[in-house]
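J.: Data file entry.txt (compact mmCIF, C-alpha atoms and all ligand atoms) is appended below.
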```txt
# COMPACT_ATOMS: atom_id res chain seq x y z
CA MET G 537 17.37 -21.52 16.89
CA LYS G 538 15.15 -21.67 13.82
CA LYS G 539 15.19 -18.54 11.64
CA ILE G 540 12.53 -17.63 9.07
CA THR G 541 12.73 -15.05 6.31
CA VAL G 542 9.66 -13.77 4.47
CA SER G 543 9.06 -10.89 2.08
CA ALA G 544 6.05 -8.92 0.84
CA PRO G 545 5.67 -6.40 -1.97
CA GLY G 546 4.85 -2.72 -1.88
CA LYS G 547 1.89 -1.43 -3.89
CA LEU G 548 0.65 1.25 -6.19
CA MET G 549 -2.94 2.38 -6.14
CA LEU G 550 -4.02 2.47 -9.78
CA PHE G 551 -7.62 3.72 -9.50
CA GLY G 552 -10.18 4.45 -6.82
CA GLU G 553 -8.33 5.96 -3.85
CA HIS G 554 -10.46 7.68 -1.20
CA ALA G 555 -13.72 6.37 -2.72
CA VAL G 556 -12.62 2.88 -1.61
CA VAL G 557 -12.72 4.07 2.00
CA TYR G 558 -16.50 4.59 1.50
CA GLY G 559 -17.67 1.22 0.21
CA ARG G 560 -16.47 1.58 -3.38
CA SER G 561 -13.87 -0.46 -5.21
CA CYS G 562 -10.35 0.22 -6.42
CA LEU G 563 -7.59 -1.29 -8.55
CA VAL G 564 -4.22 -1.91 -6.95
CA THR G 565 -1.05 -3.55 -8.16
CA ALA G 566 1.85 -5.02 -6.18
CA VAL G 567 5.32 -3.74 -7.11
CA ASP G 568 8.64 -5.53 -7.26
CA SER G 569 10.17 -3.60 -4.36
CA ARG G 570 9.80 -5.67 -1.23
CA ILE G 571 9.99 -5.55 2.54
CA THR G 572 11.92 -8.46 4.04
CA VAL G 573 11.50 -9.68 7.60
CA GLU G 574 13.77 -12.14 9.36
CA ILE G 575 12.41 -13.60 12.58
CA LYS G 576 14.00 -15.86 15.15
CA LYS G 577 12.76 -17.39 18.40
CA ILE G 578 15.09 -16.48 21.26
CA ASP G 579 15.48 -17.84 24.80
CA GLN G 580 15.22 -14.43 26.48
CA GLN G 581 11.63 -13.38 27.19
CA GLU G 582 12.00 -10.29 25.05
CA VAL G 583 10.97 -8.78 21.72
CA LYS G 584 13.95 -7.27 19.92
CA ILE G 585 13.61 -5.28 16.70
CA ASP G 586 16.09 -3.85 14.25
CA ALA G 587 14.98 -1.94 11.16
CA PRO G 588 18.03 0.13 10.29
CA GLN G 589 16.55 1.86 7.22
CA VAL G 590 13.88 3.46 9.39
CA LYS G 591 16.36 4.14 12.21
CA ILE G 592 15.14 1.46 14.56
CA ASN G 593 18.25 0.04 16.14
CA GLY G 594 18.24 -2.15 19.22
CA TYR G 595 14.57 -1.69 20.15
CA GLN G 596 13.65 -4.15 22.88
CA ARG G 597 10.95 -4.79 25.44
CA LYS G 598 10.14 -7.53 27.90
CA LEU G 599 7.51 -10.00 26.70
CA SER G 600 5.60 -9.40 29.92
CA VAL G 601 5.38 -5.67 29.21
CA GLU G 602 2.54 -4.44 27.03
CA ALA G 603 3.81 -3.36 23.60
CA CYS G 604 4.04 0.39 23.40
CA LEU G 605 2.00 1.50 20.41
CA ASN G 606 3.20 5.08 20.90
CA SER G 607 6.72 4.24 19.89
CA HIS G 608 8.32 4.71 16.45
CA LYS G 609 5.91 4.22 13.52
CA GLY G 610 7.90 1.27 12.15
CA VAL G 611 7.78 -0.48 15.53
CA ARG G 612 4.07 0.22 15.99
CA PHE G 613 3.01 -1.87 12.99
CA ILE G 614 5.32 -4.73 13.99
CA GLU G 615 4.08 -4.70 17.58
CA ALA G 616 0.44 -4.46 16.50
CA ALA G 617 0.86 -7.50 14.21
CA ILE G 618 2.58 -9.49 17.00
CA GLU G 619 -0.21 -8.55 19.40
CA ILE G 620 -2.99 -9.57 16.99
CA PHE G 621 -1.23 -12.89 16.28
CA ARG G 622 -0.67 -13.52 20.00
CA LYS G 623 -4.32 -12.80 20.83
CA ARG G 624 -5.49 -15.17 18.09
CA TYR G 625 -3.08 -18.03 18.77
CA GLY G 626 -1.95 -17.37 22.35
CA LEU G 627 1.69 -17.89 21.53
CA VAL G 628 4.34 -16.47 23.81
CA ASN G 629 8.00 -16.59 22.95
CA GLY G 630 10.97 -14.29 22.86
CA LEU G 631 11.53 -12.98 19.31
CA LYS G 632 14.31 -11.27 17.43
CA ILE G 633 13.11 -9.44 14.33
CA LYS G 634 15.04 -7.74 11.57
CA VAL G 635 13.31 -5.67 8.90
CA GLU G 636 14.84 -4.61 5.61
CA ASN G 637 13.07 -2.05 3.47
CA GLY G 638 13.62 -2.57 -0.23
CA PHE G 639 12.11 0.90 -0.81
CA SER G 640 11.89 4.18 1.03
CA SER G 641 8.99 4.46 3.45
CA ASN G 642 8.62 8.05 2.15
CA TYR G 643 7.20 6.97 -1.21
CA GLY G 644 3.80 5.84 0.06
CA LEU G 645 4.30 2.41 -1.49
CA GLY G 646 2.75 0.69 1.50
CA SER G 647 5.72 -0.21 3.66
CA SER G 648 3.58 -0.31 6.84
CA SER G 649 1.08 -2.77 5.42
CA ALA G 650 3.82 -4.90 3.83
CA ILE G 651 5.62 -5.05 7.21
CA SER G 652 2.41 -6.07 9.00
CA VAL G 653 1.77 -8.81 6.44
CA CYS G 654 5.38 -10.03 6.72
CA ILE G 655 5.15 -10.25 10.53
CA VAL G 656 1.93 -12.29 10.44
CA LYS G 657 3.31 -14.60 7.75
CA ALA G 658 6.65 -15.01 9.55
CA LEU G 659 4.96 -15.78 12.89
CA ALA G 660 2.67 -18.29 11.15
CA GLU G 661 5.71 -20.00 9.63
CA ILE G 662 7.78 -20.05 12.81
CA PHE G 663 4.90 -21.35 14.94
CA SER G 664 3.81 -23.81 12.20
CA LYS G 665 0.35 -22.34 11.59
CA LYS G 666 -0.91 -22.90 8.08
CA LEU G 667 -2.47 -19.59 7.06
CA GLY G 668 -3.88 -18.76 3.64
CA CYS G 669 -3.91 -15.30 2.06
CA LYS G 670 -7.33 -14.40 3.49
CA GLN G 671 -6.33 -15.34 7.05
CA ILE G 672 -3.08 -13.39 6.80
CA PHE G 673 -5.05 -10.47 5.35
CA ASN G 674 -7.60 -10.50 8.19
CA LEU G 675 -4.93 -10.45 10.91
CA ALA G 676 -2.65 -7.90 9.22
CA TYR G 677 -5.57 -5.60 8.35
CA LYS G 678 -6.66 -5.62 12.00
CA ALA G 679 -3.11 -4.71 13.02
CA VAL G 680 -3.02 -1.81 10.53
CA LEU G 681 -6.40 -0.54 11.76
CA ASN G 682 -5.21 -0.75 15.37
CA VAL G 683 -2.34 1.58 14.54
CA GLN G 684 -3.89 3.90 11.94
CA GLY G 685 -7.56 3.80 12.89
CA VAL G 686 -8.57 4.23 9.24
CA GLY G 687 -7.92 2.60 5.86
CA SER G 688 -9.65 0.37 3.32
CA GLY G 689 -7.08 -2.44 3.53
CA PHE G 690 -6.31 -2.43 -0.22
CA ASP G 691 -2.57 -2.14 0.52
CA VAL G 692 -2.71 -5.14 2.88
CA ALA G 693 -4.44 -7.17 0.16
CA ALA G 694 -1.78 -6.22 -2.40
CA ALA G 695 0.96 -7.36 0.00
CA CYS G 696 -0.85 -10.70 0.57
CA TRP G 697 -2.02 -11.68 -2.92
CA GLY G 698 0.36 -9.70 -5.11
CA GLY G 699 -0.45 -9.23 -8.82
CA THR G 700 -3.13 -6.73 -9.74
CA LEU G 701 -6.38 -6.76 -7.78
CA PHE G 702 -9.92 -5.47 -7.96
CA TYR G 703 -10.63 -4.66 -4.32
CA THR G 704 -13.65 -3.49 -2.33
CA THR G 705 -13.56 -1.80 1.10
CA GLY G 706 -12.51 -4.05 3.97
CA GLY G 707 -11.73 -6.93 1.60
CA LYS G 708 -15.38 -7.70 0.77
CA LYS G 709 -14.20 -8.45 -2.77
CA ILE G 710 -10.63 -9.31 -3.64
CA VAL G 711 -10.37 -10.40 -7.25
CA PRO G 712 -6.98 -11.13 -8.86
CA LEU G 713 -6.95 -9.77 -12.42
CA LYS G 714 -5.17 -11.07 -15.47
CA ALA G 715 -3.16 -8.07 -16.56
CA GLU G 716 0.05 -7.51 -18.44
CA ARG G 717 2.79 -5.44 -16.87
CA LEU G 718 1.62 -1.84 -17.02
CA PRO G 719 3.75 0.67 -18.98
CA LEU G 720 3.99 3.05 -16.02
CA VAL G 721 6.46 5.73 -15.06
CA ILE G 722 6.39 6.59 -11.36
CA ALA G 723 7.66 9.79 -9.83
CA TYR G 724 7.99 10.83 -6.20
CA SER G 725 6.87 14.40 -5.61
CA GLY G 726 9.47 15.02 -2.92
CA ASN G 727 6.87 15.45 -0.16
CA LYS G 728 5.95 12.72 2.28
CA ALA G 729 2.20 12.56 2.79
CA ASP G 730 0.44 11.26 5.88
CA THR G 731 -2.36 8.96 4.70
CA PRO G 732 -4.58 9.14 7.83
CA THR G 733 -4.42 12.96 7.72
CA LEU G 734 -5.57 12.98 4.09
CA ILE G 735 -8.30 10.43 4.76
CA ARG G 736 -9.57 12.71 7.53
CA LYS G 737 -9.41 15.72 5.20
CA VAL G 738 -11.71 13.97 2.72
CA GLN G 739 -13.88 12.79 5.62
CA LYS G 740 -14.37 16.43 6.68
CA LEU G 741 -15.24 17.44 3.13
CA ARG G 742 -17.77 14.61 2.98
CA LEU G 743 -19.38 15.75 6.22
CA LYS G 744 -19.59 19.30 4.93
CA ARG G 745 -20.77 18.49 1.40
CA LEU G 746 -22.23 15.02 1.56
CA ASN G 747 -24.11 14.89 -1.77
CA GLU G 748 -21.34 16.42 -3.82
CA THR G 749 -18.68 14.16 -2.32
CA GLU G 750 -20.79 11.02 -2.68
CA LYS G 751 -21.35 11.91 -6.35
CA ILE G 752 -17.58 12.18 -6.83
CA PHE G 753 -17.14 8.75 -5.21
CA ASP G 754 -19.81 7.29 -7.54
CA LYS G 755 -18.02 8.74 -10.56
CA ILE G 756 -14.73 7.26 -9.34
CA GLU G 757 -16.44 3.89 -8.89
CA LYS G 758 -17.64 3.99 -12.52
CA ILE G 759 -14.11 4.80 -13.68
CA VAL G 760 -12.71 1.89 -11.66
CA LYS G 761 -15.11 -0.55 -13.34
CA ARG G 762 -14.26 0.72 -16.83
CA ALA G 763 -10.56 0.72 -16.01
CA LYS G 764 -10.76 -2.90 -14.83
CA LYS G 765 -11.88 -3.90 -18.32
CA LYS G 766 -9.34 -1.76 -20.20
CA LEU G 767 -6.55 -2.99 -17.94
CA GLN G 768 -7.32 -6.63 -18.69
CA GLU G 769 -7.55 -5.87 -22.41
CA GLY G 770 -4.22 -4.01 -22.33
CA LYS G 771 -5.81 -0.90 -23.87
CA TRP G 772 -3.28 1.52 -22.49
CA GLU G 773 -4.34 4.67 -24.27
CA GLU G 774 -7.91 4.35 -23.01
CA LEU G 775 -6.68 3.34 -19.57
CA GLY G 776 -4.55 6.49 -19.52
CA GLU G 777 -7.58 8.64 -20.31
CA LEU G 778 -9.45 7.05 -17.41
CA MET G 779 -6.48 7.77 -15.13
CA THR G 780 -6.65 11.43 -15.98
CA LYS G 781 -10.41 11.47 -15.33
CA ASN G 782 -9.82 9.81 -11.98
CA HIS G 783 -7.17 12.41 -11.19
CA GLU G 784 -9.53 15.30 -11.99
CA LEU G 785 -11.95 13.89 -9.41
CA LEU G 786 -9.16 13.64 -6.84
CA VAL G 787 -8.40 17.30 -7.48
CA LYS G 788 -12.05 18.03 -6.63
CA LEU G 789 -11.56 16.14 -3.37
CA GLY G 790 -8.76 18.59 -2.57
CA VAL G 791 -5.89 16.10 -2.30
CA SER G 792 -3.63 17.37 -5.08
CA THR G 793 -0.80 19.85 -4.59
CA PRO G 794 0.91 22.40 -6.88
CA LYS G 795 3.92 20.08 -7.13
CA ILE G 796 1.76 17.12 -8.19
CA GLU G 797 0.04 19.29 -10.81
CA LYS G 798 3.43 20.43 -12.10
CA LEU G 799 4.59 16.82 -12.49
CA ILE G 800 1.36 15.80 -14.20
CA SER G 801 1.58 18.68 -16.71
CA ALA G 802 5.19 17.73 -17.42
CA ALA G 803 4.13 14.13 -18.14
CA PHE G 804 1.47 15.31 -20.59
CA SER G 805 3.82 17.64 -22.40
CA ALA G 806 6.09 14.61 -22.94
CA GLY G 807 3.26 12.63 -24.57
CA ALA G 808 1.77 10.54 -21.73
CA PHE G 809 -1.60 8.79 -22.23
CA GLY G 810 -2.67 9.75 -18.73
CA ALA G 811 -1.46 10.51 -15.21
CA LYS G 812 -2.75 10.70 -11.69
CA ILE G 813 -2.00 10.74 -8.01
CA SER G 814 -1.40 7.24 -6.66
CA GLY G 815 -2.61 6.90 -3.07
CA ALA G 816 -3.84 9.47 -0.63
CA GLY G 817 -2.36 12.51 -2.40
CA GLY G 818 -0.87 15.51 -0.59
CA GLY G 819 2.53 14.42 -1.92
CA ASP G 820 3.97 10.91 -2.34
CA CYS G 821 3.94 9.48 -5.88
CA ILE G 822 2.21 10.06 -9.17
CA ILE G 823 1.78 7.38 -11.82
CA VAL G 824 2.02 8.09 -15.52
CA LEU G 825 0.82 5.76 -18.24
CA ALA G 826 2.69 6.16 -21.52
CA GLY G 827 3.68 4.16 -24.58
CA LYS G 828 7.05 2.46 -24.01
CA GLU G 829 8.62 4.60 -26.74
CA LYS G 830 7.75 7.74 -24.75
CA HIS G 831 9.08 6.56 -21.40
CA HIS G 832 12.45 8.19 -21.76
CA LEU G 833 10.91 11.56 -22.65
CA VAL G 834 8.39 11.32 -19.83
CA GLU G 835 11.13 10.44 -17.35
CA GLN G 836 13.23 13.40 -18.45
CA ALA G 837 10.25 15.74 -18.17
CA LEU G 838 9.38 14.48 -14.68
CA VAL G 839 12.94 14.93 -13.42
CA LYS G 840 13.09 18.42 -14.94
CA ALA G 841 9.87 19.26 -13.08
CA GLY G 842 11.51 18.22 -9.81
CA GLY G 843 10.24 14.63 -9.48
CA ALA G 844 12.37 11.65 -8.42
CA LEU G 845 11.86 8.53 -10.52
CA VAL G 846 10.83 5.37 -8.68
CA PRO G 847 11.81 2.42 -10.85
CA VAL G 848 9.30 -0.34 -10.04
CA GLU G 849 7.44 -2.93 -12.10
CA THR G 850 3.82 -3.90 -11.51
CA GLY G 851 2.15 -7.25 -10.80
CA ALA G 852 4.78 -8.58 -8.36
CA GLU G 853 4.31 -11.76 -6.32
CA GLY G 854 2.54 -11.53 -2.96
CA VAL G 855 3.92 -12.45 0.46
CA ARG G 856 6.26 -15.44 0.36
CA ARG G 857 8.71 -17.35 2.44
CA GLU G 858 12.28 -16.76 1.32
CA LYS G 859 14.23 -19.04 3.66
C1 LIG L 1 -4.16 5.63 0.38
O1 LIG L 1 -3.03 5.06 -0.23
C2 LIG L 1 -5.43 5.28 -0.32
C3 LIG L 1 -6.68 5.70 0.39
O2 LIG L 1 -7.80 5.29 -0.41
C4 LIG L 1 -6.77 5.11 1.77
C5 LIG L 1 -7.15 3.64 1.81
O3 LIG L 1 -7.78 3.12 0.89
O4 LIG L 1 -6.83 3.00 2.83
C6 LIG L 1 -6.76 7.21 0.51
```
Go ahead and express the file in the form of structure tokens.

T.:
Amino acid sequence: MKKITVSAPGKLMLFGEHAVVYGRSCLVTAVDSRITVEIKKIDQQEVKIDAPQVKINGYQRKLSVEACLNSHKGVRFIEAAIEIFRKRYGLVNGLKIKVENGFSSNYGLGSSSAISVCIVKALAEIFSKKLGCKQIFNLAYKAVLNVQGVGSGFDVAAACWGGTLFYTTGGKKIVPLKAERLPLVIAYSGNKADTPTLIRKVQKLRLKRLNETEKIFDKIEKIVKRAKKKLQEGKWEELGELMTKNHELLVKLGVSTPKIEKLISAAFSAGAFGAKISGAGGGDCIIVLAGKEKHHLVEQALVKAGGALVPVETGAEGVRREK
């Protein structure tokens, strides 16, 4: 039977995390590490899933049985995307799905959103539905919300459009930017963060100190707008300074950790232009902007401070059919 392979990129949040959950904008770039999904119609009335890198081996359920959204996290996003697609197009068929992660789901590079986007795209291809980026985004974002309950959708947009985007909550604005490859060094802090938990932490802070938190979001929004300009002009030194300012505001939101601060100090002592958390915080990755000639020094400093380098390039292509 017909087999389809699609892939979608992971992402890095460049500016604007957390504030983007509250109606502000952010800058996100797609990275050249991808999730690949192979999908095949099968005669048996079953959904079968293998995703060996996240320890999903031989998952299967009858088509007639409601998908169990309590199962393994990797399966939940796949099932949610299938369910959303089925509700929209009413298609019923046995499916065999294989997922390959081109990057660790620990890094916070958006594997869940990339998987959801891949599933929608692959189903569209296999059932001959012509879907554009915005339609894929709408379906995949719904799937992600059904599983996570919260999230701005910026990661889903990055997986759909690729490149570097200016993005506003819920996809109200999705503007592809002309930007050169960013001279970034990325380091994993060694701790896996849970995005919904961190979103709720900031939510609690906002409820407790509404004015103060809203002011922080407004300041972040201003930084995002300035960064958008500097990014398109390739003014890396100034962009780095804005990154650091954005990071200081994230510290005020309470989402940094001693390990993240240690990594960021190490990057500065090696001559970085700027550095910040990328994503929800609480662990995951930091991004460091530095002149190319300093990259080696920055990398050494980050490793010495206990970080693990994540070698990715920015501005990668969005979701695409491979075979
Ligand atoms: C998480 O990577 C970024 C947040 O802004 C959440 C979101 O935008 O969905 C904290």

J.: Give me, as a PyMOL selection string, the set of residues whose atoms come within 6 Å of any atom of ligand LIG 1 (chain L), counting all atoms listed in the file.

T.: chain G and resi 553-554+556-557+687-690+731+735+815-816

J.: Contacts of Lys598 (chain G) at 9 Å or less, counting all atoms listed in the file, minus same-chain residues fewer than 4 places along, as a PyMOL selection string?

T.: chain G and resi 580-584+602-603+630

J.: For the selection just defined, write its residues with C-alpha atoms to a file, as a short mmCIF file (atom, residue, chain, number, x, y, z; two decimals), keeping the file's coordinate frame.

T.:
```cif
data_model
loop_
_atom_site.label_atom_id
_atom_site.label_comp_id
_atom_site.auth_asym_id
_atom_site.auth_seq_id
_atom_site.Cartn_x
_atom_site.Cartn_y
_atom_site.Cartn_z
CA GLN G 580 15.22 -14.43 26.48
CA GLN G 581 11.63 -13.38 27.19
CA GLU G 582 12.00 -10.29 25.05
CA VAL G 583 10.97 -8.78 21.72
CA LYS G 584 13.95 -7.27 19.92
CA GLU G 602 2.54 -4.44 27.03
CA ALA G 603 3.81 -3.36 23.60
CA GLY G 630 10.97 -14.29 22.86
#
```

J.: Kindly give the distance, in Å, that separates CA of Gly851 (chain G) and CA of Ser561 (chain G), rounded to a single decimal.

T.: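 Value for the CA of Gly851 (chain G)-CA of Ser561 (chain G) distance: 18.3 Å.
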
J.: Using only C-alpha atoms, which residue out of G:Leu741, G:Leu825, G:Val635, G:Ile578 lies closest to Ser648 (chain G)?

T.: G:Val635

J.: From the options G:Gly807, G:Gly646, G:Pro794, G:Gly827, which residue's atoms come nearest to Lys771 (chain G), counting all atoms listed in the file?

T.: G:Gly827

J.: One decimal, Å: what's the distance from CA of Ala693 (chain G) over to CA of Gly668 (chain G), could you say?

T.: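 Interatomic distance here is 12.1 Å.
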
J.: Any idea what's packed within 9 Å of region 760-766 of chain G, counting all atoms listed in the file, ignoring anything in its chain fewer than 6 positions away? Could you give it as a list in words?

T.: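 After dropping sequence-adjacent residues, the list is Leu550, Phe551, Gly552, Ser561, Cys562, Leu563, Phe702, Leu713, Trp772, Glu774, Leu775, Leu778, Met779 and Asn782 of chain G.
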
J.: Would you mind reading off the distance between CA of Gln589 (chain G) and CA of Gly546 (chain G), one decimal, in Å?

T.: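 Between CA of Gln589 (chain G) and CA of Gly546 (chain G) the gap is 15.5 Å.
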
J.: Which residue gives the smallest distance to Ile540 (chain G) among G:Ile813, G:Ala660, G:Val590, G:Val628, with all atoms listed in the file counted?

T.: G:Ala660

J.: Could you give me, as a tab-separated table, a per-residue list for region 616-659 of chain G showing, wherever an atom lies at most 10 Å from an atom of region 717-725 of chain G, the closest pair of atoms and their distance in Å to one decimal, using all atoms listed in the file and sorting by chain then residue number from low to high?

T.:
```
residue	atom	partner	partner_atom	distance
G:Asn642	CA	G:Tyr724	CA	8.8
G:Tyr643	CA	G:Tyr724	CA	6.4
G:Gly644	CA	G:Tyr724	CA	9.0
```

J.: For Glu769 (chain G), which of G:Ala555, G:Val656, G:Ala715, G:Leu675 is the closest residue, counting all atoms listed in the file?

T.: G:Ala715

J.: Skipping near chain neighbours, those fewer than 4 positions away, what residues fall within 9 Å of Gly790 (chain G) using only C-alpha atoms, listed as a compact mmCIF listing (two decimals) with C-alpha atoms, in the frame of the given file?

T.:
```
# COMPACT_ATOMS: atom_id res chain seq x y z
CA LYS G 737 -9.41 15.72 5.20
CA VAL G 738 -11.71 13.97 2.72
CA LEU G 741 -15.24 17.44 3.13
CA LEU G 785 -11.95 13.89 -9.41
CA LEU G 786 -9.16 13.64 -6.84
CA GLY G 817 -2.36 12.51 -2.40
CA GLY G 818 -0.87 15.51 -0.59
```

J.: Measuring atom to atom with all atoms listed in the file, identify which of G:Lys859, G:Lys812, G:Lys632, G:Arg560 is nearest to Lys576 (chain G).

T.: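 Checking each of G:Lys859, G:Lys812, G:Lys632, G:Arg560 against Lys576 (chain G), counting all atoms listed in the file, the winner is G:Lys632.
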
J.: Would you pick out the contacts of Leu701 (chain G) at 7 Å or less, using all atoms listed in the file, so that residues sharing its chain but fewer than 3 positions from it are not included, and give the list as a count of residues only?

T.: 7
